[in-house]
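Asker: Before I ask anything, let me first share the structure, which is written out below as structure tokens.
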Amino acid sequence: MLDTHTAVAVVAAEKYETDNKKVILSTASPYKFSKDVYRCITKETIEDNLFAMDKLYELTKMEIPNSLNELKTKEVRFKEVIENNDKQTIINKLKEA
């Protein structure tokens with residue numbers, strides 16, 4: 001199971017196949033992108049990242065890294081969402097900081 005960025009590297013390596021050996025280094029866990037990885041495997045969309053992480057584990061039995069698994073018990077610190085196209089709100093928030 002690959003994270004989304006490593007999957008792109010694998011596809012690129014396969015597409016540009018040569019006689020040269022290739023090494024693909026990955027530093028991300030598929031669980032970091034659990035919603036997207038789960039959707040790629042099952043075609044089912046899950047909106048909640050932590051729920052998707054659990055569903056991905058149920059499906060694969062691949063161990064969830066502790067650093068990500070611990071997020072389930074952490075306090076949510078940032079709750080406000082500013083849409084990308086709302087530039088003025090972003091500018092105002094930066095001025096307040």
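Letters A, B, ... mark the chains of the structure tokens in the order given; residue numbers begin at 1 per chain; ligand numbers begin at 1, in order shown.
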If we count only C-alpha atoms, what is near A:Glu63 at a cut-off of 12 Å, once residues fewer than 6 positions away on the same chain are taken out, given as a list in words?
Answerer: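 What passes the distance filter is Met1, Ser29, Pro30, Tyr31, Met53, Asp54, Leu56, Tyr57 and Asn69 of chain A.
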Asker: How would the residues just picked look written out with all heavy atoms as a compact mmCIF listing (two decimals), in the first residue's frame?
Answerer:
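Just written: result02.txt:
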# COMPACT_ATOMS: atom_id res chain seq x y z
N MET A 1 0.85 -1.16 0.00
CA MET A 1 0.00 0.00 0.00
C MET A 1 0.90 1.23 0.00
O MET A 1 1.85 1.31 0.76
CB MET A 1 -0.90 -0.03 1.23
CG MET A 1 -1.90 1.08 1.28
SD MET A 1 -3.22 0.89 2.51
CE MET A 1 -2.34 0.80 4.04
N SER A 29 3.38 7.89 5.11
CA SER A 29 2.53 6.73 5.34
C SER A 29 1.25 6.87 4.53
O SER A 29 0.71 7.98 4.41
CB SER A 29 2.16 6.65 6.82
OG SER A 29 1.10 5.74 7.03
N PRO A 30 0.74 5.77 4.00
CA PRO A 30 -0.57 5.83 3.34
C PRO A 30 -1.65 6.37 4.28
O PRO A 30 -2.62 6.98 3.84
CB PRO A 30 -0.86 4.38 2.95
CG PRO A 30 0.47 3.72 2.93
CD PRO A 30 1.32 4.44 3.94
N TYR A 31 -1.47 6.17 5.58
CA TYR A 31 -2.45 6.64 6.55
C TYR A 31 -2.49 8.16 6.65
O TYR A 31 -3.47 8.72 7.12
CB TYR A 31 -2.20 6.02 7.92
CG TYR A 31 -2.61 4.56 7.96
CD1 TYR A 31 -1.66 3.56 7.98
CD2 TYR A 31 -3.95 4.20 7.97
CE1 TYR A 31 -2.04 2.22 8.01
CE2 TYR A 31 -4.34 2.88 7.99
CZ TYR A 31 -3.38 1.89 8.02
OH TYR A 31 -3.76 0.58 8.04
N MET A 53 -9.02 6.29 8.35
CA MET A 53 -7.83 5.58 8.82
C MET A 53 -8.22 4.23 9.42
O MET A 53 -7.60 3.21 9.12
CB MET A 53 -7.11 6.44 9.87
CG MET A 53 -5.69 6.06 10.07
SD MET A 53 -4.66 7.17 11.08
CE MET A 53 -5.67 8.44 11.71
N ASP A 54 -9.28 4.21 10.24
CA ASP A 54 -9.74 2.95 10.83
C ASP A 54 -10.26 1.99 9.77
O ASP A 54 -9.98 0.79 9.82
CB ASP A 54 -10.84 3.22 11.87
CG ASP A 54 -10.30 3.86 13.13
OD1 ASP A 54 -9.09 3.71 13.42
OD2 ASP A 54 -11.09 4.51 13.84
N LEU A 56 -9.36 1.88 6.64
CA LEU A 56 -8.21 1.42 5.88
C LEU A 56 -7.48 0.32 6.64
O LEU A 56 -7.06 -0.68 6.05
CB LEU A 56 -7.27 2.60 5.60
CG LEU A 56 -6.18 2.42 4.56
CD1 LEU A 56 -6.74 1.96 3.22
CD2 LEU A 56 -5.41 3.72 4.39
N TYR A 57 -7.38 0.48 7.94
CA TYR A 57 -6.77 -0.57 8.76
C TYR A 57 -7.60 -1.86 8.70
O TYR A 57 -7.06 -2.95 8.53
CB TYR A 57 -6.59 -0.13 10.21
CG TYR A 57 -6.09 -1.27 11.06
CD1 TYR A 57 -4.75 -1.64 11.01
CD2 TYR A 57 -6.95 -2.01 11.85
CE1 TYR A 57 -4.28 -2.72 11.75
CE2 TYR A 57 -6.49 -3.08 12.60
CZ TYR A 57 -5.16 -3.44 12.54
OH TYR A 57 -4.71 -4.51 13.26
N ASN A 69 -1.98 7.51 14.72
CA ASN A 69 -3.02 6.89 15.53
C ASN A 69 -3.33 7.73 16.76
O ASN A 69 -4.48 7.80 17.21
CB ASN A 69 -2.59 5.48 15.93
CG ASN A 69 -3.76 4.58 16.19
OD1 ASN A 69 -4.88 4.81 15.73
ND2 ASN A 69 -3.52 3.52 16.94
Asker: Within 12 Å of A:Phe51, counting only C-alpha atoms, which residues qualify if same-chain residues fewer than 3 places away don't, as a list in words?
Answerer: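 What passes the distance filter is Tyr31, Phe33, Ser34, Lys35, Tyr38, Thr45, Ile46, Glu47, Asp48, Asp54, Lys55, Leu56, Tyr57, Glu58, Asn69, Leu71 and Lys72 of chain A.
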Asker: Counting only C-alpha atoms, what is within 12 Å of A:Ala9, bar same-chain residues fewer than 6 positions away, as a PyMOL selection string?
Answerer: chain A and resi 2-3+15-16+22-26
Asker: Tell me, in Å to one decimal, how far atom CA of A:Asn49 is from atom CA of A:Lys61.
Answerer: 17.0 Å
Asker: My list of candidates is A:Val11, A:Glu44, A:Lys79, A:Thr6. Which is closest to A:Thr27 when distances are computed with only C-alpha atoms?
Answerer: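 Result for the nearest residue to A:Thr27: A:Thr6.
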Asker: Write out as a ChimeraX atom specification the set of residues from chain A that DSSP, computed on the backbone, places in alpha helix (DSSP H).
Answerer: /A:4-15,34-42,49-60,66-69,87-96
Asker: Of the residues A:Ile91, A:Ala13, A:Met62, A:Ala7, which is the one nearest to A:Cys40, using only C-alpha atoms?
Answerer: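 Selected residue with least distance to A:Cys40: A:Ala7.
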